[in-house]
Every structure is written in C-alpha cells, then in structure tokens.
$ cat my_file_36.pdb   # PDB, C-alpha atoms, pLDDT in the B column
ATOM      1  CA  HIS A  23     -24.907 -10.297  41.757  1.00 47.00           C
ATOM      2  CA  PRO A  24     -23.193 -13.277  43.407  1.00 50.00           C
ATOM      3  CA  GLY A  25     -19.504 -13.506  42.662  1.00 49.00           C
ATOM      4  CA  GLU A  26     -19.187  -9.857  41.584  1.00 47.00           C
ATOM      5  CA  PRO A  27     -16.733  -7.580  43.402  1.00 51.00           C
ATOM      6  CA  PHE A  28     -18.281  -5.227  45.965  1.00 49.00           C
ATOM      7  CA  ASP A  29     -16.311  -2.231  44.705  1.00 52.00           C
ATOM      8  CA  GLY A  30     -18.576  -1.608  41.701  1.00 52.00           C
ATOM      9  CA  SER A  31     -15.877  -2.540  39.225  1.00 59.00           C
ATOM     10  CA  ALA A  32     -18.044  -5.083  37.344  1.00 62.00           C
ATOM     11  CA  PRO A  33     -20.690  -2.542  36.185  1.00 66.00           C
ATOM     12  CA  THR A  34     -17.878  -0.150  35.270  1.00 66.00           C
ATOM     13  CA  GLN A  35     -16.184  -2.827  33.210  1.00 66.00           C
ATOM     14  CA  ARG A  36     -19.476  -3.607  31.462  1.00 68.00           C
ATOM     15  CA  ARG A  37     -19.951   0.087  30.640  1.00 68.00           C
ATOM     16  CA  ARG A  38     -16.400   0.285  29.308  1.00 68.00           C
ATOM     17  CA  SER A  39     -16.978  -2.854  27.225  1.00 76.00           C
ATOM     18  CA  TYR A  40     -20.205  -1.406  25.813  1.00 74.00           C
ATOM     19  CA  THR A  41     -18.478   1.889  25.016  1.00 83.00           C
ATOM     20  CA  SER A  42     -15.587   0.078  23.364  1.00 86.00           C
ATOM     21  CA  ARG A  43     -17.967  -1.987  21.217  1.00 86.00           C
ATOM     22  CA  SER A  44     -19.876   1.159  20.240  1.00 90.00           C
ATOM     23  CA  VAL A  45     -16.674   2.902  19.179  1.00 93.00           C
ATOM     24  CA  GLU A  46     -15.606  -0.158  17.197  1.00 95.00           C
ATOM     25  CA  ALA A  47     -19.014  -0.264  15.500  1.00 95.00           C
ATOM     26  CA  VAL A  48     -18.705   3.386  14.470  1.00 96.00           C
ATOM     27  CA  ILE A  49     -15.178   2.786  13.143  1.00 97.00           C
ATOM     28  CA  ALA A  50     -16.346  -0.252  11.163  1.00 97.00           C
ATOM     29  CA  PHE A  51     -19.285   1.704   9.719  1.00 98.00           C
ATOM     30  CA  VAL A  52     -17.060   4.599   8.653  1.00 98.00           C
ATOM     31  CA  LEU A  53     -14.472   2.268   7.106  1.00 98.00           C
ATOM     32  CA  ALA A  54     -17.215   0.465   5.179  1.00 98.00           C
ATOM     33  CA  TYR A  55     -18.559   3.809   3.956  1.00 98.00           C
ATOM     34  CA  LEU A  56     -15.103   4.866   2.785  1.00 98.00           C
ATOM     35  CA  VAL A  57     -14.613   1.568   0.946  1.00 97.00           C
ATOM     36  CA  GLY A  58     -18.016   2.028  -0.685  1.00 97.00           C
ATOM     37  CA  SER A  59     -16.989   5.529  -1.749  1.00 96.00           C
ATOM     38  CA  ILE A  60     -14.261   4.123  -4.024  1.00 95.00           C
ATOM     39  CA  ASP A  61     -16.239   4.384  -7.266  1.00 93.00           C
ATOM     40  CA  LEU A  62     -14.703   2.406 -10.107  1.00 94.00           C
ATOM     41  CA  GLY A  63     -17.522   3.703 -12.296  1.00 93.00           C
ATOM     42  CA  VAL A  64     -15.662   7.019 -12.139  1.00 94.00           C
ATOM     43  CA  ILE A  65     -12.087   5.764 -11.856  1.00 94.00           C
ATOM     44  CA  VAL A  66     -12.025   3.255 -14.741  1.00 94.00           C
ATOM     45  CA  PRO A  67     -13.448   5.620 -17.394  1.00 94.00           C
ATOM     46  CA  ARG A  68     -11.245   8.453 -16.099  1.00 93.00           C
ATOM     47  CA  ALA A  69      -8.172   6.252 -16.596  1.00 93.00           C
ATOM     48  CA  MET A  70      -9.259   6.031 -20.238  1.00 92.00           C
ATOM     49  CA  GLY A  71      -9.645   9.798 -20.529  1.00 92.00           C
ATOM     50  CA  ILE A  72     -13.432   9.830 -20.144  1.00 94.00           C
ATOM     51  CA  ASP A  73     -15.477  11.784 -17.593  1.00 93.00           C
ATOM     52  CA  ILE A  74     -18.431   9.440 -17.108  1.00 93.00           C
ATOM     53  CA  TYR A  75     -20.508  12.269 -15.642  1.00 93.00           C
ATOM     54  CA  GLU A  76     -20.448  13.947 -19.062  1.00 91.00           C
ATOM     55  CA  HIS A  77     -21.567  10.930 -21.096  1.00 90.00           C
ATOM     56  CA  GLY A  78     -24.769   8.941 -21.533  1.00 83.00           C
ATOM     57  CA  SER A  79     -27.005   9.101 -18.499  1.00 81.00           C
ATOM     58  CA  GLY A  80     -24.252  10.765 -16.464  1.00 87.00           C
ATOM     59  CA  ASN A  81     -24.512   7.988 -13.883  1.00 86.00           C
ATOM     60  CA  PRO A  82     -21.240   6.290 -12.854  1.00 89.00           C
ATOM     61  CA  GLY A  83     -22.734   2.825 -12.967  1.00 87.00           C
ATOM     62  CA  THR A  84     -22.055  -0.388 -14.852  1.00 89.00           C
ATOM     63  CA  SER A  85     -24.736   0.216 -17.493  1.00 88.00           C
ATOM     64  CA  ASN A  86     -23.527   3.690 -18.409  1.00 89.00           C
ATOM     65  CA  VAL A  87     -19.906   2.542 -18.441  1.00 93.00           C
ATOM     66  CA  PHE A  88     -20.931  -0.341 -20.726  1.00 91.00           C
ATOM     67  CA  ARG A  89     -22.681   2.013 -23.128  1.00 88.00           C
ATOM     68  CA  THR A  90     -19.945   4.650 -23.015  1.00 90.00           C
ATOM     69  CA  VAL A  91     -16.655   2.766 -22.655  1.00 92.00           C
ATOM     70  CA  GLY A  92     -17.321  -0.905 -23.422  1.00 91.00           C
ATOM     71  CA  LYS A  93     -17.648  -4.408 -22.034  1.00 91.00           C
ATOM     72  CA  ARG A  94     -14.246  -4.761 -20.379  1.00 94.00           C
ATOM     73  CA  ALA A  95     -14.506  -1.504 -18.482  1.00 94.00           C
ATOM     74  CA  ALA A  96     -18.068  -2.345 -17.422  1.00 93.00           C
ATOM     75  CA  ALA A  97     -16.946  -5.776 -16.191  1.00 94.00           C
ATOM     76  CA  LEU A  98     -14.230  -4.158 -14.061  1.00 95.00           C
ATOM     77  CA  VAL A  99     -16.741  -1.744 -12.582  1.00 95.00           C
ATOM     78  CA  LEU A 100     -19.281  -4.490 -11.852  1.00 95.00           C
ATOM     79  CA  ILE A 101     -16.720  -6.756 -10.184  1.00 96.00           C
ATOM     80  CA  GLY A 102     -15.321  -3.859  -8.172  1.00 96.00           C
ATOM     81  CA  ASP A 103     -18.774  -2.831  -6.967  1.00 96.00           C
ATOM     82  CA  LEU A 104     -19.582  -6.409  -5.928  1.00 97.00           C
ATOM     83  CA  LEU A 105     -16.291  -6.746  -4.073  1.00 97.00           C
ATOM     84  CA  LYS A 106     -16.922  -3.516  -2.148  1.00 97.00           C
ATOM     85  CA  GLY A 107     -20.091  -5.034  -0.738  1.00 98.00           C
ATOM     86  CA  VAL A 108     -18.359  -8.319   0.067  1.00 98.00           C
ATOM     87  CA  ALA A 109     -15.463  -6.541   1.796  1.00 98.00           C
ATOM     88  CA  ALA A 110     -17.677  -4.231   3.846  1.00 98.00           C
ATOM     89  CA  ALA A 111     -20.014  -6.992   5.023  1.00 98.00           C
ATOM     90  CA  ALA A 112     -17.053  -9.226   5.859  1.00 98.00           C
ATOM     91  CA  LEU A 113     -15.407  -6.417   7.827  1.00 97.00           C
ATOM     92  CA  GLY A 114     -18.451  -5.891  10.003  1.00 97.00           C
ATOM     93  CA  ALA A 115     -19.401  -9.545  10.419  1.00 97.00           C
ATOM     94  CA  LEU A 116     -15.912 -10.823  11.245  1.00 97.00           C
ATOM     95  CA  TRP A 117     -15.138  -7.940  13.578  1.00 95.00           C
ATOM     96  CA  LEU A 118     -18.420  -7.455  15.428  1.00 95.00           C
ATOM     97  CA  GLY A 119     -20.959 -10.053  14.325  1.00 96.00           C
ATOM     98  CA  GLU A 120     -23.889 -10.533  11.961  1.00 97.00           C
ATOM     99  CA  VAL A 121     -25.792  -7.308  12.615  1.00 97.00           C
ATOM    100  CA  ALA A 122     -22.622  -5.269  12.098  1.00 97.00           C
ATOM    101  CA  GLY A 123     -22.125  -7.118   8.824  1.00 98.00           C
ATOM    102  CA  PHE A 124     -25.525  -5.936   7.622  1.00 98.00           C
ATOM    103  CA  ALA A 125     -24.866  -2.412   8.921  1.00 98.00           C
ATOM    104  CA  CYS A 126     -21.527  -2.256   7.120  1.00 98.00           C
ATOM    105  CA  GLY A 127     -23.166  -3.571   3.955  1.00 98.00           C
ATOM    106  CA  PHE A 128     -25.558  -0.633   4.168  1.00 98.00           C
ATOM    107  CA  ALA A 129     -22.637   1.731   4.841  1.00 98.00           C
ATOM    108  CA  ALA A 130     -20.866   0.533   1.684  1.00 98.00           C
ATOM    109  CA  VAL A 131     -24.000   1.110  -0.389  1.00 98.00           C
ATOM    110  CA  LEU A 132     -24.356   4.548   1.191  1.00 98.00           C
ATOM    111  CA  GLY A 133     -20.760   5.274   0.237  1.00 97.00           C
ATOM    112  CA  HIS A 134     -21.362   4.075  -3.317  1.00 96.00           C
ATOM    113  CA  VAL A 135     -24.453   6.266  -3.660  1.00 96.00           C
ATOM    114  CA  PHE A 136     -22.899   9.317  -1.969  1.00 96.00           C
ATOM    115  CA  PRO A 137     -19.109   8.856  -2.363  1.00 95.00           C
ATOM    116  CA  VAL A 138     -17.008  11.282  -0.368  1.00 95.00           C
ATOM    117  CA  TRP A 139     -14.141  10.841  -2.847  1.00 90.00           C
ATOM    118  CA  HIS A 140     -16.293  11.884  -5.822  1.00 89.00           C
ATOM    119  CA  ARG A 141     -18.247  14.925  -4.609  1.00 87.00           C
ATOM    120  CA  PHE A 142     -21.084  12.688  -3.357  1.00 92.00           C
ATOM    121  CA  ARG A 143     -22.139  11.904  -6.941  1.00 90.00           C
ATOM    122  CA  GLY A 144     -22.412   8.116  -7.039  1.00 93.00           C
ATOM    123  CA  GLY A 145     -24.261   5.267  -8.666  1.00 91.00           C
ATOM    124  CA  ARG A 146     -27.379   3.325  -7.769  1.00 93.00           C
ATOM    125  CA  GLY A 147     -25.769   0.824  -5.364  1.00 95.00           C
ATOM    126  CA  VAL A 148     -27.365  -2.461  -6.450  1.00 96.00           C
ATOM    127  CA  ALA A 149     -24.140  -4.341  -7.235  1.00 96.00           C
ATOM    128  CA  THR A 150     -22.650  -3.355  -3.881  1.00 97.00           C
ATOM    129  CA  ALA A 151     -25.841  -4.494  -2.128  1.00 98.00           C
ATOM    130  CA  ILE A 152     -25.678  -7.833  -3.928  1.00 98.00           C
ATOM    131  CA  GLY A 153     -22.005  -8.109  -2.970  1.00 98.00           C
ATOM    132  CA  ALA A 154     -22.952  -7.719   0.685  1.00 98.00           C
ATOM    133  CA  ALA A 155     -25.542 -10.465   0.276  1.00 98.00           C
ATOM    134  CA  LEU A 156     -22.893 -12.767  -1.199  1.00 98.00           C
ATOM    135  CA  TRP A 157     -21.048 -12.615   2.126  1.00 98.00           C
ATOM    136  CA  LEU A 158     -23.988 -12.429   4.538  1.00 98.00           C
ATOM    137  CA  ALA A 159     -26.070 -15.224   2.957  1.00 98.00           C
ATOM    138  CA  PRO A 160     -23.987 -16.850   0.197  1.00 97.00           C
ATOM    139  CA  PRO A 161     -26.701 -19.081  -1.346  1.00 97.00           C
ATOM    140  CA  PHE A 162     -29.185 -16.194  -1.471  1.00 97.00           C
ATOM    141  CA  GLY A 163     -26.520 -13.778  -2.689  1.00 97.00           C
ATOM    142  CA  LEU A 164     -25.589 -16.155  -5.495  1.00 98.00           C
ATOM    143  CA  VAL A 165     -29.237 -16.573  -6.516  1.00 97.00           C
ATOM    144  CA  LEU A 166     -29.646 -12.785  -6.399  1.00 97.00           C
ATOM    145  CA  ALA A 167     -26.576 -12.202  -8.587  1.00 97.00           C
ATOM    146  CA  ILE A 168     -27.547 -14.854 -11.128  1.00 97.00           C
ATOM    147  CA  GLY A 169     -31.151 -13.660 -11.118  1.00 96.00           C
ATOM    148  CA  TRP A 170     -30.026 -10.076 -11.728  1.00 96.00           C
ATOM    149  CA  GLY A 171     -27.956 -11.207 -14.693  1.00 94.00           C
ATOM    150  CA  GLY A 172     -30.830 -13.308 -16.007  1.00 96.00           C
ATOM    151  CA  VAL A 173     -33.314 -10.442 -15.885  1.00 95.00           C
ATOM    152  CA  VAL A 174     -30.826  -8.177 -17.661  1.00 93.00           C
ATOM    153  CA  ALA A 175     -30.326 -10.827 -20.351  1.00 92.00           C
ATOM    154  CA  VAL A 176     -34.078 -11.139 -20.911  1.00 93.00           C
ATOM    155  CA  THR A 177     -35.177  -7.496 -20.613  1.00 91.00           C
ATOM    156  CA  LYS A 178     -31.913  -5.786 -21.714  1.00 89.00           C
ATOM    157  CA  THR A 179     -32.705  -3.290 -18.964  1.00 91.00           C
ATOM    158  CA  ALA A 180     -30.442  -3.183 -15.899  1.00 90.00           C
ATOM    159  CA  SER A 181     -32.816  -1.019 -13.866  1.00 92.00           C
ATOM    160  CA  VAL A 182     -35.603  -3.614 -14.071  1.00 94.00           C
ATOM    161  CA  ALA A 183     -33.223  -6.291 -12.796  1.00 95.00           C
ATOM    162  CA  SER A 184     -32.043  -4.011 -10.004  1.00 96.00           C
ATOM    163  CA  ILE A 185     -35.570  -3.185  -8.862  1.00 96.00           C
ATOM    164  CA  VAL A 186     -36.544  -6.870  -8.815  1.00 96.00           C
ATOM    165  CA  ALA A 187     -33.404  -7.702  -6.810  1.00 97.00           C
ATOM    166  CA  MET A 188     -34.142  -5.054  -4.196  1.00 97.00           C
ATOM    167  CA  VAL A 189     -37.796  -6.051  -3.859  1.00 97.00           C
ATOM    168  CA  LEU A 190     -36.565  -9.569  -3.049  1.00 97.00           C
ATOM    169  CA  TYR A 191     -33.727  -8.379  -0.780  1.00 98.00           C
ATOM    170  CA  VAL A 192     -35.412  -8.503   2.629  1.00 98.00           C
ATOM    171  CA  PRO A 193     -37.622 -11.561   1.926  1.00 98.00           C
ATOM    172  CA  GLY A 194     -34.544 -13.441   0.724  1.00 97.00           C
ATOM    173  CA  PHE A 195     -32.647 -12.758   3.937  1.00 98.00           C
ATOM    174  CA  ALA A 196     -35.707 -13.671   5.997  1.00 98.00           C
ATOM    175  CA  VAL A 197     -36.066 -16.999   4.190  1.00 97.00           C
ATOM    176  CA  THR A 198     -32.401 -17.770   4.884  1.00 96.00           C
ATOM    177  CA  GLY A 199     -32.953 -17.347   8.620  1.00 96.00           C
ATOM    178  CA  HIS A 200     -31.952 -13.765   9.382  1.00 97.00           C
ATOM    179  CA  ARG A 201     -34.069 -11.829  11.866  1.00 96.00           C
ATOM    180  CA  GLY A 202     -34.303  -8.627  13.878  1.00 97.00           C
ATOM    181  CA  ALA A 203     -31.857  -5.788  13.370  1.00 97.00           C
ATOM    182  CA  SER A 204     -30.203  -7.599  10.456  1.00 98.00           C
ATOM    183  CA  LEU A 205     -33.424  -7.359   8.461  1.00 98.00           C
ATOM    184  CA  TRP A 206     -33.842  -3.695   9.367  1.00 98.00           C
ATOM    185  CA  TRP A 207     -30.413  -2.928   7.918  1.00 98.00           C
ATOM    186  CA  ALA A 208     -31.250  -5.006   4.850  1.00 98.00           C
ATOM    187  CA  ALA A 209     -34.487  -3.031   4.482  1.00 98.00           C
ATOM    188  CA  ALA A 210     -32.591   0.262   4.759  1.00 98.00           C
ATOM    189  CA  THR A 211     -30.243  -0.926   2.011  1.00 98.00           C
ATOM    190  CA  ALA A 212     -33.108  -1.931  -0.280  1.00 98.00           C
ATOM    191  CA  VAL A 213     -34.989   1.330   0.305  1.00 98.00           C
ATOM    192  CA  LEU A 214     -31.872   3.391  -0.440  1.00 98.00           C
ATOM    193  CA  VAL A 215     -31.221   1.552  -3.710  1.00 97.00           C
ATOM    194  CA  LEU A 216     -34.874   1.735  -4.764  1.00 97.00           C
ATOM    195  CA  ALA A 217     -34.962   5.455  -3.962  1.00 97.00           C
ATOM    196  CA  ARG A 218     -31.957   5.933  -6.239  1.00 95.00           C
ATOM    197  CA  HIS A 219     -33.928   4.186  -8.978  1.00 94.00           C
ATOM    198  CA  ALA A 220     -36.879   6.603  -8.756  1.00 94.00           C
ATOM    199  CA  PRO A 221     -36.037   8.258 -12.118  1.00 92.00           C
ATOM    200  CA  ASN A 222     -35.670   4.818 -13.699  1.00 91.00           C
ATOM    201  CA  ILE A 223     -39.042   3.748 -12.316  1.00 94.00           C
ATOM    202  CA  ARG A 224     -40.690   6.816 -13.837  1.00 94.00           C
ATOM    203  CA  ARG A 225     -39.104   6.063 -17.218  1.00 93.00           C
ATOM    204  CA  ILE A 226     -40.149   2.409 -17.005  1.00 93.00           C
ATOM    205  CA  VAL A 227     -43.753   3.464 -16.354  1.00 93.00           C
ATOM    206  CA  ARG A 228     -43.576   5.773 -19.401  1.00 93.00           C
ATOM    207  CA  ARG A 229     -41.800   3.029 -21.401  1.00 89.00           C
ATOM    208  CA  GLN A 230     -38.869   5.355 -21.984  1.00 89.00           C
ATOM    209  CA  GLU A 231     -36.175   3.518 -20.032  1.00 88.00           C
ATOM    210  CA  ARG A 232     -32.862   2.918 -21.802  1.00 82.00           C
ATOM    211  CA  THR A 233     -31.669  -0.603 -22.469  1.00 84.00           C
ATOM    212  CA  VAL A 234     -28.083  -1.533 -21.683  1.00 79.00           C
ATOM    213  CA  THR A 235     -27.124  -0.948 -25.334  1.00 74.00           C
ATOM    214  CA  GLN A 236     -28.880   2.380 -25.885  1.00 67.00           C
ATOM    215  CA  ALA A 237     -26.760   5.517 -25.680  1.00 56.00           C
TER     216      ALA A 237
END

$ encode --input "my_file_36.pdb" --output "structure tokens"
Amino acid sequence: HPGEPFDGSAPTQRRRSYTSRSVEAVIAFVLAYLVGSIDLGVIVPRAMGIDIYEHGSGNPGTSNVFRTVGKRAAALVLIGDLLKGVAAAALGALWLGEVAGFACGFAAVLGHVFPVWHRFRGGRGVATAIGAALWLAPPFGLVLAIGWGGVVAVTKTASVASIVAMVLYVPGFAVTGHRGASLWWAAATAVLVLARHAPNIRRIVRRQERTVTQA
C-alpha cells in the first residue's frame, strides 16, 4: 500500500493490534463474568443467617428472596442484579465498543446463572439482562424495567414478566438501531434467560406457577 514501510512492519503492527484487542476482549469478558458471579441472592440472605438454596424454590433470585426473607432484602438483590448488568455492559462498551458491551452483558448474565463463587448455582438472569439494556439502550432499558415491574404488579408472577421481557429483548434493541453482532449477543442473552425459565414455563402451562407472595 502507498505510504507503508517496505520492511513489512505495517502488517506486523496490524497483527499485533488485532492480537492486543482480542486479549483485551477476553479480559473484559472474564471480568464481566466474574462481576456477574457475585450473587446477592445468596449473599444477602446468608448475612441474615438464611441459606436461600434451602428455602422456597431454592432459587437465589429476587422472587424467592422476597418470599423467604422480605421486601428489603429482595430490593437489595434486585438493585444489585441490575447494577451488575449495567457495570458489565459499561465495562465492555467504554473499553472496546458497542459489540463488546453486548458481549459483556451476556457474560454478566452467564456469571449470574452459573456463578463461579457459588458452585455454579445461580438465578435466572433477567434483572442482570435488563441492567445491561439500561446501559446499552437507556430508553429501551427503562421501558423494559418499567414493563417488567408492571407485568409483575398485574400478574403477581415474576416469571411471566421475565419471559415477556426476554421475548422483547432482541426486537427492542433492533428498534433502537442496533444491528449485527450486537443483536446476536442480545439473542444469546435472551435465549440463556429463557432456557433458565424452562421449569417456570412448564408450571405456567400447567397453571401451577408460584406468585411472588406464595411460599
């Protein structure tokens, strides 16, 4: 190419730059996963002398914490889960760009679902996914969060709200102008969360799903 040195240093520099970016992307993904693995659904009840795995549904999520421990503990868990998604998406987006933000959002949800700090026994991941959306597409993320709360208020069933939110996850990002690899990472996030809700879906079909107030 015109203007490039004849010693082959330009292609070498490009390869080094690509390698450096790849290493940074892996580091960002791992950090986001580790942040996602900090499960307040386990930590908050444990601080109160309760093993959440041994109570209610056994799931370390906001709904089970609400039923088992109470409103304040559940609020802490919900806010913490949202902030994990925000932090992970911000880490990736500010460091490496939009696609990395979506990838790190997925990594945080993966960490929440399979937390290395808690023997890989995590929650469903919806709040962390919504938290990522709050950073990656703030208007859509806000609508998603409010909509989730609204569906819970009407149906008294958190799983229904979570399923609706994840069905709308990719279309919502598409409507707000995101394309390509970003949408693929969003789709991976939604599929992971929906897969974690498979038992809930079966109970909903059988009309046996717990409400947020049922033990």

$ closest_atom_pairs --input "my_file_36.pdb" --of "region 117-182 of chain A" --to "region 91-105 of chain A" --cutoff "7 Å" --atoms "all atoms listed in the file" --output "tab-separated table"
residue	atom	partner	partner_atom	distance
A:Ala149	CA	A:Leu104	CA	5.2
A:Thr150	CA	A:Leu104	CA	4.8
A:Ile152	CA	A:Leu104	CA	6.6
A:Gly153	CA	A:Leu104	CA	4.2

$ resolve_selection --input "my_file_36.pdb" --expression "the PyMOL selection byres ((chain A and resi 53-64) around 7)" --output "count of residues only"
27

$ closest_residue --input "my_file_36.pdb" --among "A:Ala155, A:Leu116, A:Met188, A:Ala196" --to "Val215 (chain A)" --atoms "all atoms listed in the file"
A:Met188

$ closest_residue --input "my_file_36.pdb" --among "A:Ile226, A:Leu118, A:Leu216, A:Ala151" --to "Arg43 (chain A)" --atoms "all atoms listed in the file"
A:Leu118

$ residues_around --input "my_file_36.pdb" --residues "region 172-175 of chain A" --least-positions-apart "3" --cutoff "10 Å" --atoms "all atoms listed in the file" --output "list in words"
Leu166, Ala167, Ile168, Gly169, Lys178, Thr179, Ala180, Ser181, Val182, Ala183, Ser184, Val186, Ala187, Thr233 and Val234 of chain A

$ atom_distance --input "my_file_36.pdb" --atom1 "CA of Gly202 (chain A)" --atom2 "CA of Val121 (chain A)"
8.7 Å

$ atom_distance --input "my_file_36.pdb" --atom1 "CA of Asn86 (chain A)" --atom2 "CA of Arg146 (chain A)"
11.3 Å
